[in-house]
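Undergrad: I'm passing along query39.cif; it holds mmCIF, C-alpha atoms, pLDDT in the B column; chains and numbers go by the auth columns.
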```cif
data_work
#
loop_
_atom_site.group_PDB
_atom_site.id
_atom_site.type_symbol
_atom_site.label_atom_id
_atom_site.label_comp_id
_atom_site.label_asym_id
_atom_site.label_seq_id
_atom_site.Cartn_x
_atom_site.Cartn_y
_atom_site.Cartn_z
_atom_site.B_iso_or_equiv
_atom_site.auth_seq_id
_atom_site.auth_asym_id
ATOM 1 C CA MET A 1 -0.346 16.829 38.263 48.00 581 A
ATOM 2 C CA SER A 2 -1.062 18.631 34.974 49.00 582 A
ATOM 3 C CA ARG A 3 -0.349 17.038 31.605 46.00 583 A
ATOM 4 C CA ARG A 4 2.109 19.842 30.800 48.00 584 A
ATOM 5 C CA LEU A 5 4.057 19.243 34.020 41.00 585 A
ATOM 6 C CA CYS A 6 4.089 15.495 33.361 45.00 586 A
ATOM 7 C CA LYS A 7 5.486 16.130 29.896 43.00 587 A
ATOM 8 C CA ALA A 8 8.099 18.512 31.265 41.00 588 A
ATOM 9 C CA LEU A 9 9.274 15.934 33.807 40.00 589 A
ATOM 10 C CA ALA A 10 9.344 13.275 31.106 40.00 590 A
ATOM 11 C CA ALA A 11 11.386 15.614 28.917 39.00 591 A
ATOM 12 C CA LEU A 12 13.965 16.040 31.687 37.00 592 A
ATOM 13 C CA SER A 13 14.150 12.278 32.099 40.00 593 A
ATOM 14 C CA PHE A 14 14.479 11.908 28.339 37.00 594 A
ATOM 15 C CA THR A 15 17.324 14.438 28.188 35.00 595 A
ATOM 16 C CA PHE A 16 19.227 12.499 30.831 37.00 596 A
ATOM 17 C CA TRP A 17 18.473 9.282 28.933 35.00 597 A
ATOM 18 C CA VAL A 18 19.740 10.764 25.660 39.00 598 A
ATOM 19 C CA THR A 19 22.971 11.919 27.311 36.00 599 A
ATOM 20 C CA SER A 20 23.562 8.557 28.949 39.00 600 A
ATOM 21 C CA SER A 21 22.696 6.627 25.806 37.00 601 A
ATOM 22 C CA ALA A 22 24.866 8.830 23.604 38.00 602 A
ATOM 23 C CA SER A 23 27.821 8.161 25.825 35.00 603 A
ATOM 24 C CA ALA A 24 27.167 4.473 25.328 40.00 604 A
ATOM 25 C CA ASP A 25 27.308 4.982 21.535 46.00 605 A
ATOM 26 C CA ALA A 26 23.684 3.954 20.936 48.00 606 A
ATOM 27 C CA ALA A 27 23.019 3.731 17.201 72.00 607 A
ATOM 28 C CA CYS A 28 19.325 4.571 17.190 91.00 608 A
ATOM 29 C CA ARG A 29 16.664 5.910 19.512 94.00 609 A
ATOM 30 C CA GLN A 30 14.047 3.297 18.630 96.00 610 A
ATOM 31 C CA ALA A 31 13.880 0.018 16.737 98.00 611 A
ATOM 32 C CA LEU A 32 10.336 -0.415 15.429 98.00 612 A
ATOM 33 C CA ALA A 33 9.302 -3.739 13.864 98.00 613 A
ATOM 34 C CA LEU A 34 5.861 -3.704 12.246 98.00 614 A
ATOM 35 C CA GLY A 35 4.133 -7.036 11.644 98.00 615 A
ATOM 36 C CA LEU A 36 1.197 -7.064 9.211 98.00 616 A
ATOM 37 C CA ASP A 37 -1.500 -9.766 9.303 96.00 617 A
ATOM 38 C CA VAL A 38 -1.963 -11.423 5.887 97.00 618 A
ATOM 39 C CA SER A 39 -3.879 -14.509 7.042 95.00 619 A
ATOM 40 C CA GLY A 40 -6.921 -15.938 5.274 92.00 620 A
ATOM 41 C CA SER A 41 -9.294 -13.355 6.729 88.00 621 A
ATOM 42 C CA VAL A 42 -7.477 -10.624 4.763 93.00 622 A
ATOM 43 C CA ASP A 43 -8.511 -10.433 1.106 93.00 623 A
ATOM 44 C CA GLU A 44 -6.559 -8.751 -1.703 94.00 624 A
ATOM 45 C CA ALA A 45 -8.291 -5.379 -1.359 94.00 625 A
ATOM 46 C CA GLU A 46 -7.711 -5.392 2.409 94.00 626 A
ATOM 47 C CA TYR A 47 -4.087 -6.378 1.870 96.00 627 A
ATOM 48 C CA GLN A 48 -3.552 -3.314 -0.304 96.00 628 A
ATOM 49 C CA LEU A 49 -5.402 -1.053 2.143 96.00 629 A
ATOM 50 C CA GLN A 50 -3.091 -2.261 4.887 96.00 630 A
ATOM 51 C CA LEU A 51 0.126 -1.697 2.913 97.00 631 A
ATOM 52 C CA LYS A 52 -0.931 1.622 1.420 97.00 632 A
ATOM 53 C CA GLY A 53 -2.295 2.742 4.774 97.00 633 A
ATOM 54 C CA LEU A 54 1.075 2.146 6.427 98.00 634 A
ATOM 55 C CA ALA A 55 2.887 3.775 3.481 98.00 635 A
ATOM 56 C CA ALA A 56 0.729 6.892 3.755 98.00 636 A
ATOM 57 C CA ALA A 57 0.930 7.029 7.551 98.00 637 A
ATOM 58 C CA LEU A 58 4.735 6.988 7.516 98.00 638 A
ATOM 59 C CA ILE A 59 4.967 10.076 5.285 98.00 639 A
ATOM 60 C CA SER A 60 2.094 12.020 6.837 98.00 640 A
ATOM 61 C CA ASP A 61 3.247 15.422 8.053 97.00 641 A
ATOM 62 C CA ASP A 62 3.085 14.749 11.792 97.00 642 A
ATOM 63 C CA VAL A 63 4.641 11.277 11.659 97.00 643 A
ATOM 64 C CA ARG A 64 7.416 12.431 9.326 97.00 644 A
ATOM 65 C CA ALA A 65 8.212 15.360 11.625 96.00 645 A
ATOM 66 C CA SER A 66 8.349 13.058 14.631 96.00 646 A
ATOM 67 C CA LEU A 67 10.627 10.600 12.845 96.00 647 A
ATOM 68 C CA MET A 68 12.963 13.391 11.719 94.00 648 A
ATOM 69 C CA ARG A 69 13.158 15.161 15.091 91.00 649 A
ATOM 70 C CA LEU A 70 16.465 13.609 16.219 89.00 650 A
ATOM 71 C CA PRO A 71 18.431 12.971 13.002 84.00 651 A
ATOM 72 C CA ASP A 72 21.604 12.001 14.876 89.00 652 A
ATOM 73 C CA ALA A 73 19.703 9.215 16.648 93.00 653 A
ATOM 74 C CA PRO A 74 17.260 7.896 14.027 95.00 654 A
ATOM 75 C CA VAL A 75 14.376 5.499 14.320 97.00 655 A
ATOM 76 C CA ARG A 76 15.154 2.143 12.704 97.00 656 A
ATOM 77 C CA ILE A 77 12.214 0.413 10.970 98.00 657 A
ATOM 78 C CA LEU A 78 11.538 -3.135 9.763 98.00 658 A
ATOM 79 C CA VAL A 79 8.255 -4.280 8.192 98.00 659 A
ATOM 80 C CA PHE A 80 7.217 -7.915 7.864 98.00 660 A
ATOM 81 C CA GLU A 81 4.028 -9.771 7.065 98.00 661 A
ATOM 82 C CA TRP A 82 2.842 -12.942 8.775 98.00 662 A
ATOM 83 C CA SER A 83 0.116 -15.568 8.705 97.00 663 A
ATOM 84 C CA GLY A 84 0.757 -19.254 9.536 96.00 664 A
ATOM 85 C CA GLN A 85 3.559 -20.700 11.652 96.00 665 A
ATOM 86 C CA ASP A 86 5.965 -20.962 8.740 96.00 666 A
ATOM 87 C CA TYR A 87 5.100 -17.753 6.913 97.00 667 A
ATOM 88 C CA GLN A 88 6.897 -14.532 7.823 97.00 668 A
ATOM 89 C CA ARG A 89 8.105 -12.345 4.956 98.00 669 A
ATOM 90 C CA VAL A 90 10.287 -9.259 5.385 98.00 670 A
ATOM 91 C CA LEU A 91 9.016 -6.398 3.211 98.00 671 A
ATOM 92 C CA ILE A 92 11.357 -3.674 4.496 98.00 672 A
ATOM 93 C CA PRO A 93 14.635 -4.812 6.118 98.00 673 A
ATOM 94 C CA TRP A 94 16.073 -2.781 8.982 98.00 674 A
ATOM 95 C CA THR A 95 16.334 0.780 7.676 97.00 675 A
ATOM 96 C CA ASP A 96 17.512 3.910 9.508 96.00 676 A
ATOM 97 C CA ILE A 97 15.090 6.759 8.820 97.00 677 A
ATOM 98 C CA THR A 98 17.718 9.480 8.476 95.00 678 A
ATOM 99 C CA SER A 99 16.095 11.714 5.857 95.00 679 A
ATOM 100 C CA PRO A 100 12.742 12.464 4.208 96.00 680 A
ATOM 101 C CA SER A 101 14.014 10.882 0.995 96.00 681 A
ATOM 102 C CA ARG A 102 14.780 7.606 2.750 96.00 682 A
ATOM 103 C CA LEU A 103 11.353 7.646 4.408 97.00 683 A
ATOM 104 C CA LYS A 104 9.737 8.294 1.018 97.00 684 A
ATOM 105 C CA ALA A 105 11.651 5.348 -0.473 98.00 685 A
ATOM 106 C CA VAL A 106 10.315 3.058 2.269 98.00 686 A
ATOM 107 C CA SER A 107 6.782 4.312 1.605 98.00 687 A
ATOM 108 C CA GLU A 108 7.097 3.750 -2.134 98.00 688 A
ATOM 109 C CA GLN A 109 8.476 0.254 -1.637 98.00 689 A
ATOM 110 C CA LEU A 110 5.456 -0.640 0.491 98.00 690 A
ATOM 111 C CA ARG A 111 3.079 0.745 -2.129 97.00 691 A
ATOM 112 C CA SER A 112 4.687 -1.359 -4.866 97.00 692 A
ATOM 113 C CA THR A 113 4.670 -4.636 -2.896 97.00 693 A
ATOM 114 C CA THR A 114 2.592 -7.434 -4.385 95.00 694 A
ATOM 115 C CA ARG A 115 0.970 -10.184 -2.408 95.00 695 A
ATOM 116 C CA ARG A 116 2.351 -13.708 -2.203 95.00 696 A
ATOM 117 C CA GLN A 117 0.392 -16.811 -1.406 94.00 697 A
ATOM 118 C CA ALA A 118 0.314 -17.367 2.345 95.00 698 A
ATOM 119 C CA PRO A 119 -1.301 -19.914 4.663 95.00 699 A
ATOM 120 C CA PRO A 120 -4.843 -18.997 5.774 96.00 700 A
ATOM 121 C CA THR A 121 -4.098 -19.612 9.454 97.00 701 A
ATOM 122 C CA THR A 122 -3.330 -16.978 12.111 96.00 702 A
ATOM 123 C CA ALA A 123 -0.145 -17.739 14.043 98.00 703 A
ATOM 124 C CA LEU A 124 -0.101 -14.649 16.233 98.00 704 A
ATOM 125 C CA GLY A 125 2.177 -16.181 18.870 98.00 705 A
ATOM 126 C CA GLN A 126 4.688 -17.197 16.218 98.00 706 A
ATOM 127 C CA ALA A 127 4.573 -13.666 14.765 98.00 707 A
ATOM 128 C CA ILE A 128 5.480 -12.323 18.207 98.00 708 A
ATOM 129 C CA GLN A 129 8.411 -14.716 18.475 98.00 709 A
ATOM 130 C CA VAL A 130 9.684 -13.793 15.017 98.00 710 A
ATOM 131 C CA GLY A 131 9.220 -10.073 15.650 98.00 711 A
ATOM 132 C CA ALA A 132 11.095 -10.314 18.945 98.00 712 A
ATOM 133 C CA GLY A 133 13.877 -12.121 17.088 98.00 713 A
ATOM 134 C CA PHE A 134 14.154 -9.236 14.636 98.00 714 A
ATOM 135 C CA LEU A 135 14.311 -6.738 17.507 98.00 715 A
ATOM 136 C CA ASN A 136 17.023 -8.753 19.227 97.00 716 A
ATOM 137 C CA GLN A 137 19.162 -7.906 16.198 97.00 717 A
ATOM 138 C CA GLN A 138 19.102 -4.284 17.445 96.00 718 A
ATOM 139 C CA PRO A 139 20.399 -4.396 21.044 94.00 719 A
ATOM 140 C CA ASP A 140 21.958 -0.919 20.766 92.00 720 A
ATOM 141 C CA CYS A 141 18.671 0.932 20.282 95.00 721 A
ATOM 142 C CA TRP A 142 17.337 2.870 23.268 94.00 722 A
ATOM 143 C CA LYS A 143 13.843 1.452 22.870 95.00 723 A
ATOM 144 C CA ARG A 144 12.588 -1.618 21.002 97.00 724 A
ATOM 145 C CA THR A 145 8.965 -1.903 19.924 98.00 725 A
ATOM 146 C CA LEU A 146 7.048 -4.667 18.180 98.00 726 A
ATOM 147 C CA ASP A 147 3.913 -3.514 16.422 97.00 727 A
ATOM 148 C CA ILE A 148 1.417 -6.233 15.546 97.00 728 A
ATOM 149 C CA SER A 149 -1.558 -5.568 13.261 97.00 729 A
ATOM 150 C CA GLY A 150 -4.314 -8.160 13.358 94.00 730 A
ATOM 151 C CA ASP A 151 -8.005 -8.782 12.722 92.00 731 A
ATOM 152 C CA GLY A 152 -8.392 -12.106 14.541 92.00 732 A
ATOM 153 C CA LYS A 153 -7.303 -14.424 17.299 95.00 733 A
ATOM 154 C CA ASN A 154 -4.467 -16.929 17.247 97.00 734 A
ATOM 155 C CA ASN A 155 -5.597 -20.288 15.847 96.00 735 A
ATOM 156 C CA THR A 156 -2.346 -22.188 15.364 97.00 736 A
ATOM 157 C CA GLY A 157 1.048 -22.462 17.008 97.00 737 A
ATOM 158 C CA PRO A 158 1.986 -21.076 20.428 97.00 738 A
ATOM 159 C CA GLU A 159 -0.499 -18.841 22.210 98.00 739 A
ATOM 160 C CA PRO A 160 0.601 -15.182 22.359 98.00 740 A
ATOM 161 C CA HIS A 161 0.480 -15.029 26.153 97.00 741 A
ATOM 162 C CA HIS A 162 2.873 -17.990 26.337 97.00 742 A
ATOM 163 C CA VAL A 163 5.603 -16.166 24.411 98.00 743 A
ATOM 164 C CA ASN A 164 5.306 -12.486 25.387 97.00 744 A
ATOM 165 C CA SER A 165 6.511 -12.540 28.996 96.00 745 A
ATOM 166 C CA PRO A 166 9.550 -10.445 30.050 96.00 746 A
ATOM 167 C CA GLU A 167 11.454 -13.706 30.506 96.00 747 A
ATOM 168 C CA LYS A 168 10.883 -14.448 26.810 96.00 748 A
ATOM 169 C CA ILE A 169 11.142 -10.989 25.190 97.00 749 A
ATOM 170 C CA GLY A 170 13.216 -8.919 27.626 96.00 750 A
ATOM 171 C CA ASP A 171 12.568 -5.172 27.466 96.00 751 A
ATOM 172 C CA ILE A 172 10.643 -5.265 24.167 98.00 752 A
ATOM 173 C CA VAL A 173 7.281 -3.474 24.155 98.00 753 A
ATOM 174 C CA ILE A 174 4.457 -5.048 22.150 98.00 754 A
ATOM 175 C CA ASN A 175 1.739 -2.733 20.848 98.00 755 A
ATOM 176 C CA ALA A 176 -1.106 -3.599 18.512 98.00 756 A
ATOM 177 C CA LEU A 177 -3.265 -2.192 15.770 97.00 757 A
ATOM 178 C CA ILE A 178 -6.584 -4.021 15.993 96.00 758 A
ATOM 179 C CA ILE A 179 -8.689 -4.216 12.839 94.00 759 A
ATOM 180 C CA GLY A 180 -12.307 -4.889 13.760 87.00 760 A
ATOM 181 C CA VAL A 181 -15.851 -4.179 12.723 70.00 761 A
ATOM 182 C CA ASP A 182 -18.489 -2.222 14.557 57.00 762 A
ATOM 183 C CA ALA A 183 -20.959 -4.531 16.306 51.00 763 A
ATOM 184 C CA THR A 184 -23.819 -3.177 14.176 52.00 764 A
ATOM 185 C CA SER A 185 -21.893 -3.960 10.958 49.00 765 A
ATOM 186 C CA ARG A 186 -21.110 -7.626 11.594 44.00 766 A
ATOM 187 C CA LEU A 187 -22.164 -9.840 8.723 45.00 767 A
ATOM 188 C CA SER A 188 -21.813 -13.121 10.616 44.00 768 A
ATOM 189 C CA HIS A 189 -20.846 -14.525 13.994 42.00 769 A
ATOM 190 C CA ALA A 190 -17.470 -15.429 12.478 43.00 770 A
ATOM 191 C CA GLU A 191 -16.525 -11.757 12.470 55.00 771 A
ATOM 192 C CA LEU A 192 -15.101 -10.551 15.755 68.00 772 A
ATOM 193 C CA SER A 193 -16.365 -7.324 17.231 79.00 773 A
ATOM 194 C CA ILE A 194 -13.999 -4.534 18.190 87.00 774 A
ATOM 195 C CA ALA A 195 -14.782 -5.047 21.879 88.00 775 A
ATOM 196 C CA GLU A 196 -13.987 -8.760 21.700 89.00 776 A
ATOM 197 C CA LEU A 197 -10.731 -8.240 19.805 93.00 777 A
ATOM 198 C CA THR A 198 -9.621 -5.373 22.037 94.00 778 A
ATOM 199 C CA ALA A 199 -10.117 -7.491 25.161 95.00 779 A
ATOM 200 C CA TYR A 200 -8.265 -10.416 23.566 96.00 780 A
ATOM 201 C CA PHE A 201 -5.264 -8.313 22.554 97.00 781 A
ATOM 202 C CA ALA A 202 -5.178 -6.562 25.926 97.00 782 A
ATOM 203 C CA HIS A 203 -4.998 -9.852 27.842 96.00 783 A
ATOM 204 C CA ARG A 204 -3.050 -12.027 25.403 97.00 784 A
ATOM 205 C CA VAL A 205 -0.841 -9.854 23.183 98.00 785 A
ATOM 206 C CA LEU A 206 0.204 -6.489 24.650 98.00 786 A
ATOM 207 C CA ALA A 207 3.382 -6.545 26.742 98.00 787 A
ATOM 208 C CA GLY A 208 5.884 -4.193 28.304 96.00 788 A
ATOM 209 C CA PRO A 209 5.715 -0.749 29.925 94.00 789 A
ATOM 210 C CA ASP A 210 2.942 1.516 28.570 94.00 790 A
ATOM 211 C CA ALA A 211 1.925 -1.016 25.904 97.00 791 A
ATOM 212 C CA PHE A 212 -1.276 -0.015 24.121 97.00 792 A
ATOM 213 C CA SER A 213 -3.556 -0.844 21.217 97.00 793 A
ATOM 214 C CA GLU A 214 -5.113 1.347 18.556 97.00 794 A
ATOM 215 C CA VAL A 215 -8.314 0.368 16.747 95.00 795 A
ATOM 216 C CA ALA A 216 -9.117 0.593 13.048 95.00 796 A
ATOM 217 C CA ILE A 217 -12.797 0.198 12.210 92.00 797 A
ATOM 218 C CA GLY A 218 -12.203 -1.947 9.170 90.00 798 A
ATOM 219 C CA PHE A 219 -9.303 -1.766 6.733 92.00 799 A
ATOM 220 C CA ASP A 220 -10.604 1.501 5.267 93.00 800 A
ATOM 221 C CA ASP A 221 -9.684 3.072 8.611 95.00 801 A
ATOM 222 C CA TYR A 222 -6.197 1.565 8.712 96.00 802 A
ATOM 223 C CA GLU A 223 -4.251 4.663 7.622 97.00 803 A
ATOM 224 C CA ARG A 224 -5.861 6.898 10.271 97.00 804 A
ATOM 225 C CA ALA A 225 -5.334 4.340 13.024 97.00 805 A
ATOM 226 C CA MET A 226 -1.742 3.649 12.007 98.00 806 A
ATOM 227 C CA SER A 227 -0.900 7.371 11.951 98.00 807 A
ATOM 228 C CA ARG A 228 -2.368 7.837 15.414 97.00 808 A
ATOM 229 C CA LYS A 229 -0.511 4.802 16.760 97.00 809 A
ATOM 230 C CA LEU A 230 2.856 5.834 15.298 97.00 810 A
ATOM 231 C CA LEU A 231 2.540 9.309 16.795 97.00 811 A
ATOM 232 C CA ARG A 232 1.803 7.837 20.200 95.00 812 A
ATOM 233 C CA GLU A 233 4.738 5.418 19.969 93.00 813 A
ATOM 234 C CA LEU A 234 7.121 8.183 18.971 91.00 814 A
ATOM 235 C CA GLU A 235 5.717 10.813 21.347 82.00 815 A
ATOM 236 C CA PHE A 236 7.909 10.155 24.390 59.00 816 A
ATOM 237 C CA LEU A 237 11.060 9.870 22.345 55.00 817 A
ATOM 238 C CA SER A 238 10.340 13.233 20.711 50.00 818 A
ATOM 239 C CA MET A 239 8.978 15.003 23.785 47.00 819 A
ATOM 240 C CA SER A 240 12.133 16.869 24.752 43.00 820 A
ATOM 241 C CA GLN A 241 12.149 18.580 21.375 43.00 821 A
ATOM 242 C CA SER A 242 8.411 19.217 20.922 41.00 822 A
ATOM 243 C CA ASP A 243 8.074 21.153 24.186 43.00 823 A
ATOM 244 C CA GLN A 244 10.984 23.488 23.518 39.00 824 A
#
```
Let me see the file written as structure tokens.

TA:
Amino acid sequence: MSRRLCKALAALSFTFWVTSSASADAACRQALALGLDVSGSVDEAEYQLQLKGLAAALISDDVRASLMRLPDAPVRILVFEWSGQDYQRVLIPWTDITSPSRLKAVSEQLRSTTRRQAPPTTALGQAIQVGAGFLNQQPDCWKRTLDISGDGKNNTGPEPHHVNSPEKIGDIVINALIIGVDATSRLSHAELSIAELTAYFAHRVLAGPDAFSEVAIGFDDYERAMSRKLLRELEFLSMSQSDQ
């Protein structure tokens, strides 16, 4: 079956889904919670690259167009940062992206955010639990997605694969943006290669139908990887419009 035919069939399914969901008075087409890793492995420069990379990705032409495609059923976004078990900080509370000006305001708020002191540990499982809790505040959205950015493995608190089962998170999809280094660029054995991190996230973190990961080769590559990931996450929900 060709890609075009697959997309056409998906568009028909989407149209039926939109009609059914609209009749149920759904408030948004997707709730998207983005969790940013600010553990000890992330220095100040990397912190800013992560925030500014997300800010730039959100207002890039293709992502903005995808977000604006169904203004009567907007995407709802929340951004939080996480590190240890007891550190989760909301940077952008739940916000309906209903206009370019509102999207620009979210981007500017991310750019102006300053770092707070956070534990050096990496509580990835706890971040999943907190992110799922945020998404459970949005039961009326047609799709609910948790987006976890990370450059390391869980080293405190519950293991990710113990908290990401359908019994624990329901119909939430967990995707990931993996920040790694090329094997030839590793400075020490403490740094995890892209291959190692990708395998870890695939087996321990990703959950739900069509869950996927995107890779950034270092924090300098974060904006490109985030843009690509957002477009993929929004693709199905925009498909019925893009193929017309």

Undergrad: Care to translate the PyMOL selection byres ((chain A and resi 758) around 7) into actual residues of this file, as number ranges by chain?

TA: A: 729-731, 756-757, 759-760, 778, 793-796

Undergrad: For the PyMOL selection byres ((chain A and resi 726) around 8), applied here, can you spell out every residue it catches as a PyMOL selection string?

TA: chain A and resi 612-615+708+711-712+715+724-725+727-728+752-755

Undergrad: For a cutoff of 7 Å around the file-coordinate point (15.4, 2.8, 14.5), which residues qualify once you count all atoms listed in the file? I'd like the result as a VMD selection string.

TA: chain A and resid 608 to 612 654 to 657 676 to 677 721

Undergrad: Please write as a PyMOL selection string the full residue list that the PyMOL selection byres ((chain A and resi 646) around 8) yields on this file.

TA: chain A and resi 642-645+647-649+811+814-815+818

Undergrad: Enter the distance from CA of Phe799 (chain A) to CA of Pro738 (chain A), in Å, rounded to one decimal.

TA: 26.2 Å

Undergrad: In Å, how far is it from CA of Asp800 (chain A) to CA of Gly620 (chain A)?

TA: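 Atom-to-atom, CA of Asp800 (chain A) and CA of Gly620 (chain A) are spaced 17.8 Å apart.
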
Undergrad: Tell me, in Å to one decimal, how far CA of Ala635 (chain A) is from CA of Asp666 (chain A).

TA: 25.5 Å

Undergrad: For a quick check of your reading of the model, name the residues lying within 8 Å of the coordinate (-2.3, -10.0, 8.5), counting all atoms listed in the file, and write them as a list in words.

TA: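 The distance filter leaves exactly Gly615, Leu616, Asp617, Val618, Ser619, Ser621, Val622, Tyr627, Glu661, Trp662, Ser663, Thr702, Ser729, Gly730 and Asp731 of chain A.
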
Undergrad: Take every atom of region 794-808 of chain A listed in the file, pad by 8 Å on each side, and give me the axis-aligned box centre and edge lengths in Å, one decimal, as JSON.

TA:
```
{"center_x": -6.8, "center_y": 2.9, "center_z": 11.9, "size_x": 27.9, "size_y": 25.8, "size_z": 29.3}
```

Undergrad: With distances taken over all atoms listed in the file, which of A:Ala775, A:Leu631, A:Ala607, A:Ala625 is nearest to Ile797 (chain A)?

TA: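 Of A:Ala775, A:Leu631, A:Ala607, A:Ala625, the one nearest Ile797 (chain A) is A:Ala775, counting all atoms listed in the file.
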
Undergrad: Which residue gives the smallest distance to Lys748 (chain A) among A:Ala653, A:Val710, A:Met806, A:Ile774, with all atoms listed in the file counted?

TA: A:Val710

Undergrad: Between A:Asp801, A:Ile672, A:Thr678, A:Ser807, which has the minimum distance to Phe714 (chain A) (counting all atoms listed in the file)?

TA: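 Smallest distance to Phe714 (chain A) is found for A:Ile672.
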